[in-house]
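Some notes on the structure that comes next.
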Amino acid sequence: MTRGCDSVDSGGVDQQPPLTPTQQRLLDQLRRDGDPLVFDADEIDDLVRRAHDVVAEVSARLGGERLVVSKGFLTQVHGCEARHLLPDSFRWNAATARGFVSHRAIELAAHWQGDPAPEVLVDEAIARLADQASYQGDFIAGLTDADRAELRAGAVERVTRFLQDFPPVPARSQPVYEARTRWAPPGCIELVGKTDLVIGRPNGRVSTKLVIDLKTGWPSPTHRDDLRFYALLETVVRRVPPRRLVTYYLDSAEADVEDVSMAVLETALARLEGGVRRHAELVADARPPLKRPGRSCRWCPALVTCDEGRAHLAALDDDGSQGFDD
């Protein structure tokens with residue numbers, strides 16, 4: 001993208017074109033303030049060592065069964081354990097596909113010469129995804145005209161909001177869209193993550209990177225948990241934590257920002273440890289799963305046979321909240 005932007009690291013200003021008030025407000029939240037952030041190397045090494053220990057111990061309990069830990073895995077295992085143990089029933093539809101189509105279009109915008117319209121970017125993203133040999137590609141290729149139009153409309157809306165409200169990112173900040181990270185230490189447990197946007201050039205042991213997740217809809221406490229998991233993953237892989245975590249809400253053009261600290265990393269490690277230990281108890285030790293009713297019961301495939309979930313949703317509907325206040 002050739003549009004100008006303030007550097008999120010240096011604070012230099014390029015006023016072509018000028019930033020909108022919304023872009024400037026967000027840029028002020030992203031920009032580095034104060035002295036460079038450098039974590040104690042011994043503390044980071046100790047954190048990584050303890051992460052290795054957790055993986056080794058739980059791997060032994062799982063008896064070599066491969067376990068892929070993602071942000072979604074941790075959200076599920078710390079939520080309703082009964083649902084966590086259900087087979088994956090996820091199915092793509094036009095609504096759920098808007099995310100990966102809009103993310104691909106935003107990535108194209110970053111490298112496109114000129115200033116393409118959001119519709120052009122989305123159409124190109126859909127065409128490229130349809131040609132891929134993947135579940136996503138198969139879904140896109142099999143869409144009806146009506147479903148494709150619905151998908152296109154939702155993705156264009158998201159891309160337009162991002163391009164209008166998010167400050168343009170300069171190439172010198174080395175942005176990476178759809179940044180994939182993987183950690184596979186000895187054992188059978190593997191940590192994986194895919195971040196919407198990572199900004200920042202490496203600089204020795206200085207923490208320079210911004211980790212940004214793009215969201216629509218209502219804020220959720222799990223959004224911070226997701227980003228803390230990404231921060232932990234970045235730390236165990238590269239031994240240099242990111243400096244700031246940002247959840248950017250496209251609908252409201254607002255950002256939830258958290259600076260990375262050792263306390264944040266320790267919280268993420270404790271959540272990881274608790275999650276994989278809980279999974280081992282359920283799978284290896286055959287502990288009966290606990291049911292924890294919540295808003296997500298509305299989309300649970302086991303709702304028809306789950307008395308607790310149906311009772312919870314009935315109570316929410318009776319008080320008029322429709323499940324959106326819990």
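Quick note on naming: the chains in the structure tokens go A, B, ... in the order shown, residues restart at 1 in each chain, and ligands are numbered from 1 in order of appearance.
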Query - All residues 10 Å or closer to A:Thr160, only C-alpha atoms, same chain fewer than 5 positions away omitted, as a ChimeraX atom specification - result: /A:102,106,117-119,155,165-166,250
Requested in this report: Considering only C-alpha atoms, return as JSON, numbers by chain whatever protein or nucleic-acid residues lie within 12 Å of A:Arg104, sequence-local ones (same chain, fewer than 3 positions apart) excluded.
Outcome: {"A": [97, 98, 99, 100, 101, 107, 108, 109, 110, 111, 118, 121, 122, 123, 124, 125, 126, 127, 128, 129, 136, 155, 156, 158, 159, 176, 177, 178, 179, 196, 197]}
Keeping N, CA and C atoms for every residue in the selection just given, could you write it to a file as a PDB file, in the first residue's frame?
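Dumped to selection_37.pdb:
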```
ATOM      1  N   ALA A  97     -16.825 -17.356   6.749  1.00  0.00           N
ATOM      2  CA  ALA A  97     -15.758 -17.205   5.759  1.00  0.00           C
ATOM      3  C   ALA A  97     -15.361 -15.753   5.533  1.00  0.00           C
ATOM      4  N   ARG A  98     -16.169 -14.822   6.009  1.00  0.00           N
ATOM      5  CA  ARG A  98     -15.843 -13.409   5.787  1.00  0.00           C
ATOM      6  C   ARG A  98     -14.490 -13.047   6.367  1.00  0.00           C
ATOM      7  N   GLY A  99     -14.152 -13.683   7.494  1.00  0.00           N
ATOM      8  CA  GLY A  99     -12.900 -13.350   8.144  1.00  0.00           C
ATOM      9  C   GLY A  99     -11.696 -13.663   7.288  1.00  0.00           C
ATOM     10  N   PHE A 100     -11.589 -14.914   6.809  1.00  0.00           N
ATOM     11  CA  PHE A 100     -10.376 -15.253   6.070  1.00  0.00           C
ATOM     12  C   PHE A 100     -10.336 -14.581   4.695  1.00  0.00           C
ATOM     13  N   VAL A 101     -11.499 -14.295   4.106  1.00  0.00           N
ATOM     14  CA  VAL A 101     -11.496 -13.571   2.830  1.00  0.00           C
ATOM     15  C   VAL A 101     -11.049 -12.124   3.035  1.00  0.00           C
ATOM     16  N   GLU A 107      -4.273  -8.244   3.146  1.00  0.00           N
ATOM     17  CA  GLU A 107      -2.889  -8.581   2.822  1.00  0.00           C
ATOM     18  C   GLU A 107      -2.551  -8.160   1.393  1.00  0.00           C
ATOM     19  N   LEU A 108      -3.463  -8.395   0.461  1.00  0.00           N
ATOM     20  CA  LEU A 108      -3.237  -7.964  -0.920  1.00  0.00           C
ATOM     21  C   LEU A 108      -3.102  -6.446  -0.999  1.00  0.00           C
ATOM     22  N   ALA A 109      -3.921  -5.721  -0.229  1.00  0.00           N
ATOM     23  CA  ALA A 109      -3.872  -4.260  -0.247  1.00  0.00           C
ATOM     24  C   ALA A 109      -2.505  -3.739   0.167  1.00  0.00           C
ATOM     25  N   ALA A 110      -1.868  -4.439   1.102  1.00  0.00           N
ATOM     26  CA  ALA A 110      -0.568  -3.992   1.596  1.00  0.00           C
ATOM     27  C   ALA A 110       0.506  -4.055   0.523  1.00  0.00           C
ATOM     28  N   HIS A 111       0.328  -4.915  -0.466  1.00  0.00           N
ATOM     29  CA  HIS A 111       1.363  -5.112  -1.481  1.00  0.00           C
ATOM     30  C   HIS A 111       0.905  -4.685  -2.874  1.00  0.00           C
ATOM     31  N   PRO A 118     -11.824  -1.546  -2.382  1.00  0.00           N
ATOM     32  CA  PRO A 118     -12.035  -2.766  -1.591  1.00  0.00           C
ATOM     33  C   PRO A 118     -12.694  -3.882  -2.385  1.00  0.00           C
ATOM     34  N   LEU A 121     -10.088  -5.781  -4.329  1.00  0.00           N
ATOM     35  CA  LEU A 121      -9.270  -6.615  -3.447  1.00  0.00           C
ATOM     36  C   LEU A 121     -10.024  -7.869  -3.019  1.00  0.00           C
ATOM     37  N   VAL A 122     -11.283  -7.712  -2.661  1.00  0.00           N
ATOM     38  CA  VAL A 122     -12.078  -8.863  -2.217  1.00  0.00           C
ATOM     39  C   VAL A 122     -12.294  -9.836  -3.361  1.00  0.00           C
ATOM     40  N   ASP A 123     -12.597  -9.331  -4.542  1.00  0.00           N
ATOM     41  CA  ASP A 123     -12.798 -10.222  -5.688  1.00  0.00           C
ATOM     42  C   ASP A 123     -11.530 -11.015  -5.992  1.00  0.00           C
ATOM     43  N   GLU A 124     -10.383 -10.354  -5.905  1.00  0.00           N
ATOM     44  CA  GLU A 124      -9.123 -11.054  -6.164  1.00  0.00           C
ATOM     45  C   GLU A 124      -8.841 -12.077  -5.069  1.00  0.00           C
ATOM     46  N   ALA A 125      -9.146 -11.716  -3.825  1.00  0.00           N
ATOM     47  CA  ALA A 125      -8.943 -12.657  -2.721  1.00  0.00           C
ATOM     48  C   ALA A 125      -9.819 -13.887  -2.892  1.00  0.00           C
ATOM     49  N   ILE A 126     -11.077 -13.689  -3.255  1.00  0.00           N
ATOM     50  CA  ILE A 126     -11.986 -14.820  -3.459  1.00  0.00           C
ATOM     51  C   ILE A 126     -11.496 -15.703  -4.595  1.00  0.00           C
ATOM     52  N   ALA A 127     -11.050 -15.092  -5.685  1.00  0.00           N
ATOM     53  CA  ALA A 127     -10.569 -15.866  -6.832  1.00  0.00           C
ATOM     54  C   ALA A 127      -9.343 -16.692  -6.467  1.00  0.00           C
ATOM     55  N   ARG A 128      -8.419 -16.094  -5.728  1.00  0.00           N
ATOM     56  CA  ARG A 128      -7.198 -16.819  -5.354  1.00  0.00           C
ATOM     57  C   ARG A 128      -7.500 -17.943  -4.363  1.00  0.00           C
ATOM     58  N   LEU A 129      -8.380 -17.672  -3.415  1.00  0.00           N
ATOM     59  CA  LEU A 129      -8.736 -18.703  -2.444  1.00  0.00           C
ATOM     60  C   LEU A 129      -9.453 -19.870  -3.116  1.00  0.00           C
ATOM     61  N   GLN A 136     -10.804 -24.367   2.667  1.00  0.00           N
ATOM     62  CA  GLN A 136     -11.303 -23.038   2.350  1.00  0.00           C
ATOM     63  C   GLN A 136     -11.542 -22.891   0.854  1.00  0.00           C
ATOM     64  N   ALA A 155     -17.273  -9.188   3.326  1.00  0.00           N
ATOM     65  CA  ALA A 155     -15.827  -8.973   3.267  1.00  0.00           C
ATOM     66  C   ALA A 155     -15.498  -7.557   2.814  1.00  0.00           C
ATOM     67  N   VAL A 156     -16.235  -7.036   1.846  1.00  0.00           N
ATOM     68  CA  VAL A 156     -16.000  -5.662   1.383  1.00  0.00           C
ATOM     69  C   VAL A 156     -16.211  -4.676   2.529  1.00  0.00           C
ATOM     70  N   ARG A 158     -15.765  -5.199   5.746  1.00  0.00           N
ATOM     71  CA  ARG A 158     -14.635  -5.287   6.671  1.00  0.00           C
ATOM     72  C   ARG A 158     -13.388  -4.627   6.094  1.00  0.00           C
ATOM     73  N   VAL A 159     -13.106  -4.903   4.847  1.00  0.00           N
ATOM     74  CA  VAL A 159     -11.906  -4.342   4.225  1.00  0.00           C
ATOM     75  C   VAL A 159     -12.014  -2.824   4.135  1.00  0.00           C
ATOM     76  N   VAL A 176       3.810  -8.155   8.774  1.00  0.00           N
ATOM     77  CA  VAL A 176       3.535  -9.518   8.311  1.00  0.00           C
ATOM     78  C   VAL A 176       2.059  -9.794   8.568  1.00  0.00           C
ATOM     79  N   TYR A 177       1.332 -10.067   7.503  1.00  0.00           N
ATOM     80  CA  TYR A 177      -0.090 -10.379   7.604  1.00  0.00           C
ATOM     81  C   TYR A 177      -0.277 -11.891   7.653  1.00  0.00           C
ATOM     82  N   GLU A 178      -1.251 -12.323   8.442  1.00  0.00           N
ATOM     83  CA  GLU A 178      -1.498 -13.758   8.603  1.00  0.00           C
ATOM     84  C   GLU A 178      -0.201 -14.465   9.024  1.00  0.00           C
ATOM     85  N   ALA A 179       0.440 -13.924  10.047  1.00  0.00           N
ATOM     86  CA  ALA A 179       1.741 -14.430  10.505  1.00  0.00           C
ATOM     87  C   ALA A 179       1.565 -15.747  11.255  1.00  0.00           C
ATOM     88  N   ASP A 196      -3.262 -12.018  12.846  1.00  0.00           N
ATOM     89  CA  ASP A 196      -3.731 -11.216  11.720  1.00  0.00           C
ATOM     90  C   ASP A 196      -2.652 -10.271  11.204  1.00  0.00           C
ATOM     91  N   LEU A 197      -1.933  -9.613  12.116  1.00  0.00           N
ATOM     92  CA  LEU A 197      -0.929  -8.634  11.696  1.00  0.00           C
ATOM     93  C   LEU A 197       0.136  -8.494  12.775  1.00  0.00           C
TER      94      LEU A 197
END
```
So that each row is one residue of stretch 58-146 of chain A with an atom at most 9 Å from stretch 188-194 of chain A, can you give its shortest atom pair and the distance in Å to one decimal, using only C-alpha atoms, rows by chain and rising number, as a tab-separated table?
```
residue	atom	partner	partner_atom	distance
A:Val58	CA	A:Ile189	CA	8.1
A:Ser59	CA	A:Cys188	CA	5.4
A:Ala60	CA	A:Cys188	CA	8.3
A:Leu62	CA	A:Cys188	CA	8.0
A:Gly63	CA	A:Cys188	CA	8.4
A:Gly64	CA	A:Cys188	CA	5.4
A:Glu65	CA	A:Cys188	CA	6.2
A:Arg66	CA	A:Cys188	CA	4.8
A:Leu67	CA	A:Ile189	CA	4.8
A:Val68	CA	A:Glu190	CA	4.9
A:Val69	CA	A:Leu191	CA	4.8
A:Ser70	CA	A:Val192	CA	5.3
A:Lys71	CA	A:Gly193	CA	7.1
```
Query - Selected residue, from A:Leu272, A:Leu313, A:Leu282, A:Val240, that lies nearest to A:Leu37 when counting only C-alpha atoms - result: A:Val240
Requested in this report: Run DSSP on the backbone of this structure and report the residues of stretch 51-241 of chain A it assigns to strand (DSSP E or B), as a PyMOL selection string.
Outcome: chain A and resi 67-69+176-183+189-199+203+206-207+210-215
Resulting file, chosen residues, N, CA and C atoms, as a CSV table (one decimal), in the first residue's frame:
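File written: again-v9.csv
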```csv
chain,number,residue,atom,x,y,z
A,67,LEU,N,-0.9,-33.6,20.2
A,67,LEU,CA,-1.8,-32.6,20.6
A,67,LEU,C,-1.4,-31.3,20.0
A,68,VAL,N,-2.3,-30.7,19.2
A,68,VAL,CA,-2.0,-29.3,18.7
A,68,VAL,C,-2.8,-28.3,19.5
A,69,VAL,N,-2.0,-27.4,20.1
A,69,VAL,CA,-2.6,-26.4,21.0
A,69,VAL,C,-2.7,-25.1,20.3
A,176,VAL,N,3.8,-8.2,8.8
A,176,VAL,CA,3.5,-9.5,8.3
A,176,VAL,C,2.1,-9.8,8.6
A,177,TYR,N,1.3,-10.1,7.5
A,177,TYR,CA,-0.1,-10.4,7.6
A,177,TYR,C,-0.3,-11.9,7.7
A,178,GLU,N,-1.3,-12.3,8.4
A,178,GLU,CA,-1.5,-13.8,8.6
A,178,GLU,C,-0.2,-14.5,9.0
A,179,ALA,N,0.4,-13.9,10.0
A,179,ALA,CA,1.7,-14.4,10.5
A,179,ALA,C,1.6,-15.7,11.3
A,180,ARG,N,2.2,-16.8,10.7
A,180,ARG,CA,2.1,-18.1,11.3
A,180,ARG,C,3.3,-18.4,12.2
A,181,THR,N,3.1,-18.9,13.4
A,181,THR,CA,4.1,-19.3,14.3
A,181,THR,C,3.9,-20.7,14.8
A,182,ARG,N,4.9,-21.5,15.0
A,182,ARG,CA,4.8,-22.9,15.4
A,182,ARG,C,5.9,-23.2,16.4
A,183,TRP,N,5.6,-23.9,17.5
A,183,TRP,CA,6.6,-24.3,18.4
A,183,TRP,C,6.4,-25.8,18.7
A,189,ILE,N,3.4,-32.4,22.1
A,189,ILE,CA,2.5,-31.2,22.1
A,189,ILE,C,3.1,-30.2,21.2
A,190,GLU,N,2.3,-29.6,20.4
A,190,GLU,CA,2.8,-28.6,19.4
A,190,GLU,C,1.9,-27.3,19.6
A,191,LEU,N,2.5,-26.2,19.7
A,191,LEU,CA,1.8,-24.9,19.8
A,191,LEU,C,1.8,-24.2,18.5
A,192,VAL,N,0.6,-23.8,18.0
A,192,VAL,CA,0.5,-23.1,16.7
A,192,VAL,C,-0.3,-21.8,16.9
A,193,GLY,N,0.0,-20.8,16.1
A,193,GLY,CA,-0.8,-19.6,16.1
A,193,GLY,C,-0.7,-18.9,14.7
A,194,LYS,N,-1.8,-18.2,14.4
A,194,LYS,CA,-1.8,-17.4,13.2
A,194,LYS,C,-2.3,-16.0,13.6
A,195,THR,N,-1.5,-15.0,13.5
A,195,THR,CA,-1.8,-13.7,13.9
A,195,THR,C,-2.2,-12.8,12.7
A,196,ASP,N,-3.3,-12.0,12.8
A,196,ASP,CA,-3.7,-11.2,11.7
A,196,ASP,C,-2.7,-10.3,11.2
A,197,LEU,N,-1.9,-9.6,12.1
A,197,LEU,CA,-0.9,-8.6,11.7
A,197,LEU,C,0.1,-8.5,12.8
A,198,VAL,N,1.4,-8.6,12.4
A,198,VAL,CA,2.5,-8.3,13.2
A,198,VAL,C,3.4,-7.2,12.6
A,199,ILE,N,3.7,-6.2,13.4
A,199,ILE,CA,4.4,-5.0,12.9
A,199,ILE,C,5.6,-4.8,13.8
A,203,ASN,N,15.3,-6.0,16.5
A,203,ASN,CA,16.4,-5.1,16.9
A,203,ASN,C,17.1,-5.7,18.2
A,206,VAL,N,15.7,-6.0,21.9
A,206,VAL,CA,14.7,-5.0,22.1
A,206,VAL,C,13.3,-5.6,21.6
A,207,SER,N,12.3,-5.4,22.5
A,207,SER,CA,11.0,-5.8,22.0
A,207,SER,C,10.4,-4.7,21.2
A,210,LEU,N,4.5,-5.3,17.4
A,210,LEU,CA,3.1,-5.2,17.8
A,210,LEU,C,2.4,-6.4,17.2
A,211,VAL,N,1.6,-7.0,18.1
A,211,VAL,CA,0.8,-8.2,17.6
A,211,VAL,C,-0.7,-7.7,17.6
A,212,ILE,N,-1.3,-7.8,16.4
A,212,ILE,CA,-2.6,-7.2,16.2
A,212,ILE,C,-3.6,-8.2,15.8
A,213,ASP,N,-4.7,-8.3,16.4
A,213,ASP,CA,-5.8,-9.2,16.0
A,213,ASP,C,-7.0,-8.3,15.6
A,214,LEU,N,-7.6,-8.6,14.5
A,214,LEU,CA,-8.7,-7.8,13.9
A,214,LEU,C,-10.0,-8.6,14.3
A,215,LYS,N,-11.0,-7.9,14.9
A,215,LYS,CA,-12.2,-8.5,15.3
A,215,LYS,C,-13.4,-7.7,14.9
```
Query raised in the report: What separation in Å, quoted to one decimal, exists between atom CA of A:Pro168 and atom CA of A:Glu234?
Result: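 Atom CA of A:Pro168 sits 23.9 Å away from atom CA of A:Glu234.
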Report task. For A:Arg278, work out the shell of residues within 9 Å, counting only C-alpha atoms and skipping chain neighbours fewer than 5 positions away, then give it as a ChimeraX atom specification. Result -> /A:77-78,81,273,283
Kindly save the residues from that selection, with C-alpha atoms included, as a PDB file, in the first residue's frame.
```pdb
ATOM      1  CA  VAL A  77     -10.713 -26.572  27.324  1.00  0.00           C
ATOM      2  CA  HIS A  78     -11.041 -23.689  29.806  1.00  0.00           C
ATOM      3  CA  GLU A  81     -15.186 -29.487  29.024  1.00  0.00           C
ATOM      4  CA  GLU A 273      -0.245 -25.282  31.600  1.00  0.00           C
ATOM      5  CA  VAL A 283      -8.337 -37.883  27.941  1.00  0.00           C
TER       6      VAL A 283
END
```
Requested in this report: Have a look at A:Ala105, A:Ala130, A:Val54, A:Ala255 and name the one nearest to A:Gln23; count only C-alpha atoms.
Outcome: A:Ala255
**Report entry** Selected residue, from A:Pro185, A:Gly142, A:Gly274, A:Pro219, that lies nearest to A:Thr75 when counting only C-alpha atoms
**Finding:**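 Ranked by minimum distance to A:Thr75, first place goes to A:Gly274.
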Query - Residue with smallest distance to A:Ala268 - pool A:Ser134, A:Phe139, A:Ala284, A:Ala51, counting only C-alpha atoms - result: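 With only C-alpha atoms as the atom set, the closest residue is A:Ala51.
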Query raised in the report: So, counting only C-alpha atoms, which residue among A:Asp40, A:Arg287, A:Arg228, A:Gln132 is closest to A:Ala270?
Result: A:Arg228
